$ cat model.cif   # mmCIF, C-alpha atoms
data_protein
#
loop_
_atom_site.group_PDB
_atom_site.id
_atom_site.type_symbol
_atom_site.label_atom_id
_atom_site.label_comp_id
_atom_site.auth_asym_id
_atom_site.auth_seq_id
_atom_site.Cartn_x
_atom_site.Cartn_y
_atom_site.Cartn_z
ATOM 1 C CA MET W 433 105.168 89.839 -1.881
ATOM 2 C CA GLY W 434 107.254 88.259 0.861
ATOM 3 C CA TYR W 435 106.843 90.036 4.180
ATOM 4 C CA PHE W 436 109.376 89.219 6.917
ATOM 5 C CA SER W 437 108.309 89.212 10.549
ATOM 6 C CA ALA W 438 111.837 88.922 11.990
ATOM 7 C CA MET W 439 114.839 91.142 11.254
ATOM 8 C CA HIS W 440 116.164 90.309 7.805
ATOM 9 C CA ARG W 441 119.935 89.895 7.757
ATOM 10 C CA VAL W 442 121.726 91.468 4.786
ATOM 11 C CA VAL W 443 125.447 90.782 4.412
ATOM 12 C CA ALA W 444 127.625 92.467 1.780
ATOM 13 C CA LEU W 445 130.675 90.522 0.604
ATOM 14 C CA VAL W 446 133.518 93.006 0.030
ATOM 15 C CA ARG W 447 136.965 92.528 -1.407
ATOM 16 C CA PRO W 448 140.046 94.615 -2.144
ATOM 17 C CA VAL W 449 139.808 97.014 -3.899
ATOM 18 C CA GLN W 450 136.174 97.645 -2.929
ATOM 19 C CA SER W 451 134.025 100.180 -4.793
ATOM 20 C CA THR W 452 132.638 102.555 -2.192
ATOM 21 C CA PHE W 453 129.671 103.658 -4.282
ATOM 22 C CA GLU W 454 128.324 100.157 -4.915
ATOM 23 C CA LEU W 455 128.750 99.277 -1.246
ATOM 24 C CA GLY W 456 127.108 102.564 -0.336
ATOM 25 C CA CYS W 457 124.038 101.725 -2.453
ATOM 26 C CA ALA W 458 123.378 98.643 -0.328
ATOM 27 C CA ALA W 459 124.232 100.370 2.944
ATOM 28 C CA GLU W 460 121.918 103.314 2.235
ATOM 29 C CA VAL W 461 118.912 101.098 1.564
ATOM 30 C CA PHE W 462 119.459 98.289 4.069
ATOM 31 C CA GLY W 463 121.768 99.689 6.716
ATOM 32 C CA THR W 464 120.997 103.351 7.374
ATOM 33 C CA ALA W 465 118.656 104.139 10.275
ATOM 34 C CA ARG W 466 116.239 107.009 9.545
ATOM 35 C CA VAL W 467 113.864 108.802 11.872
ATOM 36 C CA GLY W 468 110.295 107.785 11.117
ATOM 37 C CA VAL W 469 111.282 104.823 8.929
ATOM 38 C CA PRO W 470 110.902 101.344 10.491
ATOM 39 C CA GLN W 471 114.133 99.352 10.444
ATOM 40 C CA TYR W 472 113.486 95.869 9.046
ATOM 41 C CA TYR W 473 117.037 94.971 8.052
ATOM 42 C CA GLU W 474 120.268 94.223 9.863
ATOM 43 C CA PHE W 475 123.163 95.172 7.600
ATOM 44 C CA SER W 476 126.805 94.096 7.886
ATOM 45 C CA VAL W 477 129.836 93.402 5.730
ATOM 46 C CA CYS W 478 132.198 90.481 5.513
ATOM 47 C CA ALA W 479 135.340 89.568 3.602
ATOM 48 C CA GLU W 480 137.271 86.434 2.844
ATOM 49 C CA GLU W 481 140.103 87.870 4.914
ATOM 50 C CA PRO W 482 138.766 90.085 7.735
ATOM 51 C CA GLY W 483 140.696 93.252 8.518
ATOM 52 C CA PRO W 484 141.453 96.457 6.598
ATOM 53 C CA VAL W 485 140.032 96.386 3.059
ATOM 54 C CA PRO W 486 141.270 99.092 0.652
ATOM 55 C CA THR W 487 138.685 100.925 -1.414
ATOM 56 C CA THR W 488 138.564 102.714 -4.736
ATOM 57 C CA SER W 489 138.283 106.024 -2.855
ATOM 58 C CA GLY W 490 141.702 105.705 -1.242
ATOM 59 C CA TYR W 491 140.704 104.828 2.315
ATOM 60 C CA THR W 492 140.263 101.442 3.981
ATOM 61 C CA VAL W 493 137.256 99.915 5.697
ATOM 62 C CA ASP W 494 137.710 97.701 8.729
ATOM 63 C CA VAL W 495 135.834 94.437 8.175
ATOM 64 C CA ALA W 496 135.393 92.342 11.283
ATOM 65 C CA GLN W 497 133.535 89.329 9.854
ATOM 66 C CA GLY W 498 134.752 86.511 7.653
ATOM 67 C CA LEU W 499 132.867 84.264 5.258
ATOM 68 C CA SER W 500 131.089 82.533 8.131
ATOM 69 C CA ALA W 501 128.750 85.555 8.178
ATOM 70 C CA LEU W 502 127.194 84.292 4.941
ATOM 71 C CA ALA W 503 126.001 81.147 6.702
ATOM 72 C CA SER W 504 123.203 83.056 8.438
ATOM 73 C CA ALA W 505 122.495 85.770 5.854
ATOM 74 C CA ASP W 506 119.015 86.119 4.374
ATOM 75 C CA THR W 507 120.371 88.262 1.537
ATOM 76 C CA VAL W 508 123.949 88.261 0.269
ATOM 77 C CA ILE W 509 125.025 91.311 -1.733
ATOM 78 C CA ILE W 510 128.094 91.412 -3.973
ATOM 79 C CA PRO W 511 128.598 95.191 -4.405
ATOM 80 C CA GLY W 512 130.963 95.130 -7.369
ATOM 81 C CA TRP W 513 133.830 92.806 -8.262
ATOM 82 C CA LEU W 514 136.960 94.499 -9.577
ATOM 83 C CA PRO W 515 138.881 93.642 -11.588
ATOM 84 C CA VAL W 516 136.042 91.668 -13.136
ATOM 85 C CA GLU W 517 138.514 88.999 -14.330
ATOM 86 C CA THR W 518 139.373 88.078 -10.734
ATOM 87 C CA PRO W 519 138.464 84.408 -10.137
ATOM 88 C CA LEU W 520 136.557 83.212 -7.096
ATOM 89 C CA SER W 521 138.655 81.482 -4.503
ATOM 90 C CA PRO W 522 137.380 77.999 -3.569
ATOM 91 C CA ARG W 523 136.312 79.376 -0.169
ATOM 92 C CA VAL W 524 134.246 82.220 -1.630
ATOM 93 C CA HIS W 525 132.755 79.945 -4.277
ATOM 94 C CA ARG W 526 131.742 77.418 -1.639
ATOM 95 C CA ALA W 527 130.291 80.055 0.713
ATOM 96 C CA LEU W 528 128.122 81.611 -2.000
ATOM 97 C CA VAL W 529 126.807 78.299 -3.304
ATOM 98 C CA ARG W 530 126.031 77.108 0.220
ATOM 99 C CA ALA W 531 124.234 80.342 1.094
ATOM 100 C CA HIS W 532 122.098 80.026 -2.025
ATOM 101 C CA ALA W 533 121.340 76.359 -1.346
ATOM 102 C CA ARG W 534 120.271 77.286 2.179
ATOM 103 C CA GLY W 535 117.729 79.771 0.778
ATOM 104 C CA ALA W 536 119.561 83.095 0.864
ATOM 105 C CA ARG W 537 119.009 85.327 -2.133
ATOM 106 C CA ILE W 538 122.171 86.482 -3.892
ATOM 107 C CA VAL W 539 122.145 90.054 -5.206
ATOM 108 C CA THR W 540 124.800 91.753 -7.332
ATOM 109 C CA ILE W 541 125.408 95.397 -8.099
ATOM 110 C CA CYS W 542 127.121 96.350 -11.370
ATOM 111 C CA SER W 543 130.314 94.274 -11.842
ATOM 112 C CA GLY W 544 129.359 91.929 -8.973
ATOM 113 C CA VAL W 545 127.551 89.807 -11.565
ATOM 114 C CA PHE W 546 130.935 88.468 -12.743
ATOM 115 C CA ALA W 547 131.471 86.856 -9.342
ATOM 116 C CA LEU W 548 127.977 85.367 -9.292
ATOM 117 C CA ALA W 549 128.344 84.061 -12.857
ATOM 118 C CA ARG W 550 131.438 82.106 -11.772
ATOM 119 C CA THR W 551 129.330 80.104 -9.314
ATOM 120 C CA GLY W 552 127.169 78.741 -12.147
ATOM 121 C CA LEU W 553 124.014 80.041 -10.460
ATOM 122 C CA LEU W 554 123.222 82.218 -13.479
ATOM 123 C CA ASP W 555 123.612 79.479 -16.101
ATOM 124 C CA GLY W 556 120.560 79.384 -18.347
ATOM 125 C CA ARG W 557 119.147 82.539 -16.749
ATOM 126 C CA SER W 558 118.996 86.211 -17.640
ATOM 127 C CA ALA W 559 121.171 88.811 -15.957
ATOM 128 C CA THR W 560 122.358 92.366 -16.441
ATOM 129 C CA THR W 561 125.355 94.559 -15.696
ATOM 130 C CA HIS W 562 126.687 97.964 -16.662
ATOM 131 C CA TRP W 563 126.188 98.425 -20.405
ATOM 132 C CA ALA W 564 129.951 98.901 -20.935
ATOM 133 C CA ARG W 565 130.654 95.392 -19.582
ATOM 134 C CA ALA W 566 127.716 93.577 -21.173
ATOM 135 C CA ASP W 567 129.706 92.244 -24.144
ATOM 136 C CA GLN W 568 132.470 90.957 -21.880
ATOM 137 C CA LEU W 569 129.922 89.217 -19.640
ATOM 138 C CA ARG W 570 128.358 87.594 -22.694
ATOM 139 C CA ARG W 571 131.727 86.430 -24.035
ATOM 140 C CA GLU W 572 133.007 85.004 -20.755
ATOM 141 C CA PHE W 573 129.738 83.375 -19.693
ATOM 142 C CA PRO W 574 127.888 82.236 -22.827
ATOM 143 C CA ARG W 575 125.370 80.258 -20.733
ATOM 144 C CA VAL W 576 124.108 83.500 -19.165
ATOM 145 C CA ARG W 577 121.462 85.421 -21.125
ATOM 146 C CA VAL W 578 122.736 88.981 -20.873
ATOM 147 C CA GLU W 579 120.135 91.769 -20.955
ATOM 148 C CA PRO W 580 122.306 94.858 -21.497
ATOM 149 C CA ASN W 581 119.444 97.362 -21.429
ATOM 150 C CA ALA W 582 117.734 96.281 -18.210
ATOM 151 C CA LEU W 583 118.178 98.246 -14.983
ATOM 152 C CA TYR W 584 117.880 95.045 -12.988
ATOM 153 C CA VAL W 585 116.767 91.431 -13.337
ATOM 154 C CA ASP W 586 115.199 89.629 -10.363
ATOM 155 C CA HIS W 587 114.630 85.869 -10.337
ATOM 156 C CA GLY W 588 113.725 85.753 -6.662
ATOM 157 C CA ASP W 589 116.711 83.708 -5.515
ATOM 158 C CA VAL W 590 119.250 85.686 -7.552
ATOM 159 C CA ALA W 591 119.099 89.272 -8.778
ATOM 160 C CA THR W 592 121.486 91.448 -10.769
ATOM 161 C CA SER W 593 121.619 95.185 -11.463
ATOM 162 C CA ALA W 594 123.193 97.443 -14.046
ATOM 163 C CA GLY W 595 125.560 100.339 -13.347
ATOM 164 C CA ALA W 596 125.953 101.493 -9.776
ATOM 165 C CA GLY W 597 122.915 103.803 -9.622
ATOM 166 C CA ALA W 598 120.678 100.953 -10.760
ATOM 167 C CA GLY W 599 121.837 99.082 -7.652
ATOM 168 C CA ILE W 600 119.697 101.464 -5.609
ATOM 169 C CA ASP W 601 116.726 100.710 -7.873
ATOM 170 C CA LEU W 602 117.232 96.988 -7.337
ATOM 171 C CA CYS W 603 117.600 97.361 -3.566
ATOM 172 C CA LEU W 604 114.399 99.440 -3.354
ATOM 173 C CA HIS W 605 112.671 96.831 -5.511
ATOM 174 C CA LEU W 606 113.682 94.159 -3.002
ATOM 175 C CA VAL W 607 112.387 96.283 -0.123
ATOM 176 C CA ARG W 608 109.106 96.593 -2.013
ATOM 177 C CA LYS W 609 108.894 92.814 -2.349
ATOM 178 C CA ASP W 610 109.788 92.267 1.297
ATOM 179 C CA HIS W 611 107.694 94.940 2.989
ATOM 180 C CA GLY W 612 105.327 96.451 0.454
ATOM 181 C CA ALA W 613 105.128 99.506 -1.759
ATOM 182 C CA ALA W 614 104.246 101.961 1.021
ATOM 183 C CA HIS W 615 107.379 101.187 3.035
ATOM 184 C CA ALA W 616 109.586 101.283 -0.077
ATOM 185 C CA ALA W 617 108.075 104.638 -1.079
ATOM 186 C CA LEU W 618 108.685 106.017 2.427
ATOM 187 C CA LEU W 619 112.312 104.922 2.290
ATOM 188 C CA ALA W 620 112.762 106.310 -1.222
ATOM 189 C CA ARG W 621 111.284 109.624 -0.133
ATOM 190 C CA HIS W 622 113.849 109.920 2.662
ATOM 191 C CA MET W 623 116.586 109.095 0.124
ATOM 192 C CA VAL W 624 115.126 111.627 -2.361
ATOM 193 C CA MET W 625 114.903 108.854 -4.942
ATOM 194 C CA PRO W 626 112.203 107.850 -7.432
ATOM 195 C CA PRO W 627 110.083 105.296 -5.560
ATOM 196 C CA HIS W 628 109.985 102.800 -8.409
ATOM 197 C CA ARG W 629 111.888 102.361 -11.643
ATOM 198 C CA THR W 630 110.893 99.127 -13.303
ATOM 199 C CA GLY W 631 113.698 96.713 -14.089
ATOM 200 C CA GLY W 632 112.774 96.615 -17.765
ATOM 201 C CA GLN W 633 113.572 100.262 -18.306
ATOM 202 C CA ILE W 634 116.661 100.904 -20.342
ATOM 203 C CA GLN W 635 119.845 102.181 -18.732
ATOM 204 C CA TYR W 636 118.973 105.844 -19.401
ATOM 205 C CA ALA W 637 119.883 107.228 -22.079
ATOM 206 C CA PRO W 638 122.824 107.408 -24.463
ATOM 207 C CA PRO W 639 124.473 110.818 -24.522
ATOM 208 C CA ALA W 640 123.345 113.172 -27.230
ATOM 209 C CA PRO W 641 125.855 113.487 -30.053
ATOM 210 C CA PRO W 642 127.834 116.702 -30.330
ATOM 211 C CA THR W 643 125.917 119.457 -32.104
ATOM 212 C CA ASP W 644 128.699 120.426 -34.504
ATOM 213 C CA VAL W 645 128.635 117.222 -36.545
ATOM 214 C CA LEU W 646 126.747 117.070 -39.835
ATOM 215 C CA GLU W 647 127.221 120.801 -40.324
ATOM 216 C CA GLY W 648 124.597 121.874 -37.790
ATOM 217 C CA LEU W 649 121.905 119.526 -39.094
ATOM 218 C CA LEU W 650 121.286 117.920 -35.709
ATOM 219 C CA ALA W 651 120.506 121.206 -33.961
ATOM 220 C CA TRP W 652 118.321 122.255 -36.892
ATOM 221 C CA ALA W 653 116.343 119.012 -36.753
ATOM 222 C CA GLU W 654 115.959 119.022 -32.952
ATOM 223 C CA ALA W 655 114.476 122.529 -33.136
ATOM 224 C CA ARG W 656 111.789 121.140 -35.478
ATOM 225 C CA LEU W 657 110.783 117.919 -33.751
ATOM 226 C CA SER W 658 107.109 118.919 -33.741
ATOM 227 C CA GLN W 659 107.141 119.003 -37.546
ATOM 228 C CA PRO W 660 107.161 116.085 -39.999
ATOM 229 C CA LEU W 661 110.782 115.554 -40.988
ATOM 230 C CA SER W 662 112.203 113.185 -43.573
ATOM 231 C CA VAL W 663 115.634 112.312 -44.905
ATOM 232 C CA ASP W 664 114.753 114.397 -47.961
ATOM 233 C CA ASP W 665 114.108 117.417 -45.691
ATOM 234 C CA MET W 666 117.488 116.915 -44.003
ATOM 235 C CA ALA W 667 119.212 116.551 -47.353
ATOM 236 C CA ALA W 668 117.572 119.720 -48.646
ATOM 237 C CA HIS W 669 118.774 121.634 -45.585
ATOM 238 C CA LEU W 670 122.371 120.580 -46.295
ATOM 239 C CA ASN W 671 121.912 120.814 -50.068
ATOM 240 C CA VAL W 672 123.159 117.251 -50.541
ATOM 241 C CA SER W 673 121.532 114.004 -51.623
ATOM 242 C CA PRO W 674 119.530 111.808 -49.202
ATOM 243 C CA ARG W 675 122.123 109.075 -49.741
ATOM 244 C CA THR W 676 124.882 111.439 -48.577
ATOM 245 C CA VAL W 677 122.911 112.285 -45.430
ATOM 246 C CA ALA W 678 122.392 108.604 -44.659
ATOM 247 C CA ARG W 679 126.088 107.879 -45.163
ATOM 248 C CA ARG W 680 127.127 110.754 -42.889
ATOM 249 C CA PHE W 681 124.810 109.549 -40.120
ATOM 250 C CA THR W 682 126.217 106.043 -40.388
ATOM 251 C CA ASP W 683 129.831 107.208 -40.449
ATOM 252 C CA GLN W 684 129.599 109.828 -37.713
ATOM 253 C CA LEU W 685 126.803 108.564 -35.431
ATOM 254 C CA GLY W 686 126.581 104.871 -36.195
ATOM 255 C CA THR W 687 122.851 105.021 -36.877
ATOM 256 C CA SER W 688 120.347 105.993 -39.564
ATOM 257 C CA PRO W 689 118.681 109.414 -39.842
ATOM 258 C CA GLY W 690 115.291 107.911 -38.992
ATOM 259 C CA ALA W 691 116.548 106.067 -35.923
ATOM 260 C CA TRP W 692 118.386 109.160 -34.689
ATOM 261 C CA LEU W 693 115.321 111.346 -35.166
ATOM 262 C CA LEU W 694 113.103 108.888 -33.291
ATOM 263 C CA SER W 695 115.599 108.750 -30.415
ATOM 264 C CA ARG W 696 115.479 112.554 -30.100
ATOM 265 C CA ARG W 697 111.664 112.535 -30.165
ATOM 266 C CA ILE W 698 111.652 109.986 -27.343
ATOM 267 C CA ALA W 699 114.210 112.028 -25.397
ATOM 268 C CA ALA W 700 112.069 115.148 -25.795
ATOM 269 C CA ALA W 701 109.002 113.206 -24.643
ATOM 270 C CA ARG W 702 110.882 112.057 -21.541
ATOM 271 C CA THR W 703 111.787 115.640 -20.673
ATOM 272 C CA LEU W 704 108.171 116.780 -21.026
ATOM 273 C CA LEU W 705 106.931 113.855 -18.920
ATOM 274 C CA GLU W 706 109.413 114.750 -16.181
ATOM 275 C CA ASP W 707 108.975 118.536 -16.206
ATOM 276 C CA THR W 708 105.361 119.260 -17.234
ATOM 277 C CA ASP W 709 101.787 118.163 -16.571
ATOM 278 C CA LEU W 710 100.944 118.037 -20.267
ATOM 279 C CA PRO W 711 98.710 115.096 -21.240
ATOM 280 C CA VAL W 712 100.290 112.349 -23.288
ATOM 281 C CA GLU W 713 98.347 113.381 -26.400
ATOM 282 C CA ALA W 714 99.785 116.906 -26.223
ATOM 283 C CA ILE W 715 103.295 115.581 -25.658
ATOM 284 C CA ALA W 716 102.946 113.295 -28.667
ATOM 285 C CA THR W 717 102.060 116.297 -30.828
ATOM 286 C CA ARG W 718 104.915 118.426 -29.476
ATOM 287 C CA VAL W 719 107.548 115.787 -30.240
ATOM 288 C CA GLY W 720 106.186 114.890 -33.666
ATOM 289 C CA LEU W 721 104.772 111.443 -32.883
ATOM 290 C CA ALA W 722 101.256 112.458 -33.950
ATOM 291 C CA SER W 723 99.142 110.554 -31.408
ATOM 292 C CA ALA W 724 99.143 109.203 -27.864
ATOM 293 C CA VAL W 725 98.847 105.675 -29.240
ATOM 294 C CA ASN W 726 101.970 106.096 -31.354
ATOM 295 C CA LEU W 727 103.891 107.697 -28.489
ATOM 296 C CA ARG W 728 102.968 104.879 -26.075
ATOM 297 C CA ARG W 729 104.016 102.227 -28.590
ATOM 298 C CA ARG W 730 107.325 103.900 -29.427
ATOM 299 C CA PHE W 731 108.032 104.778 -25.781
ATOM 300 C CA ARG W 732 107.529 101.228 -24.560
ATOM 301 C CA THR W 733 109.772 99.887 -27.318
ATOM 302 C CA HIS W 734 112.618 102.306 -26.604
ATOM 303 C CA VAL W 735 112.349 102.922 -22.861
ATOM 304 C CA GLY W 736 110.816 99.653 -21.706
ATOM 305 C CA THR W 737 107.916 101.220 -19.818
ATOM 306 C CA THR W 738 104.833 103.369 -20.469
ATOM 307 C CA PRO W 739 104.785 107.179 -20.472
ATOM 308 C CA GLY W 740 102.478 107.120 -17.440
ATOM 309 C CA ALA W 741 104.748 104.807 -15.443
ATOM 310 C CA TYR W 742 107.783 106.868 -16.428
ATOM 311 C CA ARG W 743 106.140 110.084 -15.234
ATOM 312 C CA ARG W 744 105.062 108.534 -11.931
ATOM 313 C CA ALA W 745 108.595 107.270 -11.255
ATOM 314 C CA PHE W 746 110.329 110.564 -11.952
ATOM 315 C CA ARG W 747 107.750 112.862 -10.392
ATOM 316 C CA GLY W 748 106.780 110.732 -7.405
#
$ encode --input "model.cif" --output "structure tokens"
Amino acid sequence: MGYFSAMHRVVALVRPVQSTFELGCAAEVFGTARVGVPQYYEFSVCAEEPGPVPTTSGYTVDVAQGLSALASADTVIIPGWLPVETPLSPRVHRALVRAHARGARIVTICSGVFALARTGLLDGRSATTHWARADQLRREFPRVRVEPNALYVDHGDVATSAGAGAGIDLCLHLVRKDHGAAHAALLARHMVMPPHRTGGQIQYAPPAPPTDVLEGLLAWAEARLSQPLSVDDMAAHLNVSPRTVARRFTDQLGTSPGAWLLSRRIAAARTLLEDTDLPVEAIATRVGLASAVNLRRRFRTHVGTTPGAYRRAFRG
């Protein structure tokens, strides 16, 4: 854990057209003064061309500092980079590489990873981004090991986050590293945020499929998660063969009946962990996973964390 005695300077590099949400994630964690919360960070923004910078929300932000601000930054944040195909200018490329060489950590939120990847600083290393852009990141930067399910990946000197909301998780993680868990929890409490979501958790969770597909089978099965269910049971409910059920799942949902059923059991377990005080053994029984041991194993595989850690994060 690296505690800083002096004010830690955080500089966000913005560009037209700047995403206001991604920038807001960094500003909320590092730049917003709150009563009763010690202020350990000095937050500012810079741009390659100082002046009015248009945003995705239709208004402009007035940026007073140029790239020279990165020369004294302790942390450089790239809060999105749109369009992601936009190349780095030689000046921006040089400023980022020099800041990193000087010891500044470089942090990206969502699409900002595309800018960092163009510096070569992610070559041979793992990184993440919004799940919808993971394939593009992998194609354009084959030397980067893309982890599409991670909320964030922190190497110490460089760190990347998934979709915009995960940028807050990464920023709070950095606060925790810099100033300890108690200060990060205090800040998260003021932000009404979970104090800690581990970076290995998946980018929660794919939307449930519509309930009218497969002739009502999905709703029927979800109402019986506590019971043993097989493909044969599903086929009997529809009065078709198990092979037909499997084919319909593949065609309409892109998955197998067993994988879909397990995903719904895990989703139900998450809801019970968030909303109840039931012990893990009882939750395992309610969602049809038989035992706490089986639930923990399946939960870690699919969510990337333990049921206990998940509950602590979402219930504070």
$ resolve_selection --input "model.cif" --expression "the PyMOL selection byres ((chain W and resi 594-602) around 7)" --output "ChimeraX atom specification"
/W:453-454,457,541-542,560-562,582-584,593,603-606,629
$ resolve_selection --input "model.cif" --expression "the PyMOL selection byres ((chain W and resi 524) around 12)" --output "PyMOL selection string"
chain W and resi 445-447+478-481+498-503+510+518-523+525-531+547-548+550-551
$ closest_residue --input "model.cif" --among "W:Val508, W:Tyr742, W:Leu619, W:Asp589" --to "Asp707 of chain W" --atoms "all atoms listed in the file"
W:Tyr742
$ atom_distance --input "model.cif" --atom1 "atom CA of Arg621 of chain W" --atom2 "atom CA of Val585 of chain W"
23.1 Å
$ atom_distance --input "model.cif" --atom1 "atom CA of Arg441 of chain W" --atom2 "atom CA of Asp506 of chain W"
5.2 Å
$ closest_residue --input "model.cif" --among "W:Pro515, W:Pro689, W:Pro674, W:Pro739" --to "Leu650 of chain W" --atoms "only C-alpha atoms"
W:Pro689
$ resolve_selection --input "model.cif" --expression "the PyMOL selection byres ((chain W and resi 733) around 12)" --output "PyMOL selection string"
chain W and resi 581+632-634+694-695+698+726-732+734-739
$ atom_distance --input "model.cif" --atom1 "atom CA of Ala458 of chain W" --atom2 "atom CA of Val493 of chain W"
15.2 Å
$ closest_residue --input "model.cif" --among "W:Gly686, W:Gly588, W:Pro711, W:Gly720" --to "Gln659 of chain W" --atoms "all atoms listed in the file"
W:Gly720
$ residues_around --input "model.cif" --residues "Ala716 of chain W" --least-positions-apart "5" --cutoff "8 Å" --atoms "only C-alpha atoms" --output "PyMOL selection string"
chain W and resi 701+721-724+726-727
$ residues_around --input "model.cif" --residues "Leu618 of chain W" --least-positions-apart "4" --cutoff "8 Å" --atoms "all atoms listed in the file" --output "PDB file with C-alpha atoms, keeping the file's coordinate frame"
ATOM      1  CA  VAL W 469     111.282 104.823   8.929  1.00  0.00           C
ATOM      2  CA  ALA W 614     104.246 101.961   1.021  1.00  0.00           C
ATOM      3  CA  HIS W 622     113.849 109.920   2.662  1.00  0.00           C
TER       4      HIS W 622
END
$ closest_residue --input "model.cif" --among "W:Pro660, W:Gly456, W:Pro482, W:Gly512" --to "Phe546 of chain W" --atoms "all atoms listed in the file"
W:Gly512
$ build_atoms --input "model.cif" --residues "segment 482-493 of chain W" --atoms "N, CA and C atoms" --output "short mmCIF file (atom, residue, chain, number, x, y, z; two decimals), in the frame of the given file"
data_model
loop_
_atom_site.label_atom_id
_atom_site.label_comp_id
_atom_site.auth_asym_id
_atom_site.auth_seq_id
_atom_site.Cartn_x
_atom_site.Cartn_y
_atom_site.Cartn_z
N PRO W 482 139.15 88.93 6.93
CA PRO W 482 138.77 90.08 7.74
C PRO W 482 139.97 90.99 8.02
N GLY W 483 139.65 92.27 8.26
CA GLY W 483 140.70 93.25 8.52
C GLY W 483 140.51 94.45 7.63
N PRO W 484 141.55 95.27 7.45
CA PRO W 484 141.45 96.46 6.60
C PRO W 484 141.28 96.06 5.13
N VAL W 485 140.28 96.64 4.48
CA VAL W 485 140.03 96.39 3.06
C VAL W 485 140.16 97.71 2.31
N PRO W 486 141.13 97.84 1.41
CA PRO W 486 141.27 99.09 0.65
C PRO W 486 140.08 99.31 -0.27
N THR W 487 139.81 100.57 -0.56
CA THR W 487 138.68 100.92 -1.41
C THR W 487 139.16 101.76 -2.60
N THR W 488 138.26 101.92 -3.55
CA THR W 488 138.56 102.71 -4.74
C THR W 488 138.69 104.20 -4.41
N SER W 489 138.23 104.61 -3.24
CA SER W 489 138.28 106.02 -2.86
C SER W 489 139.55 106.38 -2.09
N GLY W 490 140.42 105.41 -1.86
CA GLY W 490 141.70 105.70 -1.24
C GLY W 490 141.77 105.47 0.25
N TYR W 491 140.67 105.15 0.89
CA TYR W 491 140.70 104.83 2.32
C TYR W 491 140.37 103.35 2.50
N THR W 492 140.56 102.84 3.70
CA THR W 492 140.26 101.44 3.98
C THR W 492 139.03 101.35 4.87
N VAL W 493 138.35 100.22 4.78
CA VAL W 493 137.26 99.92 5.70
C VAL W 493 137.68 98.72 6.54
#
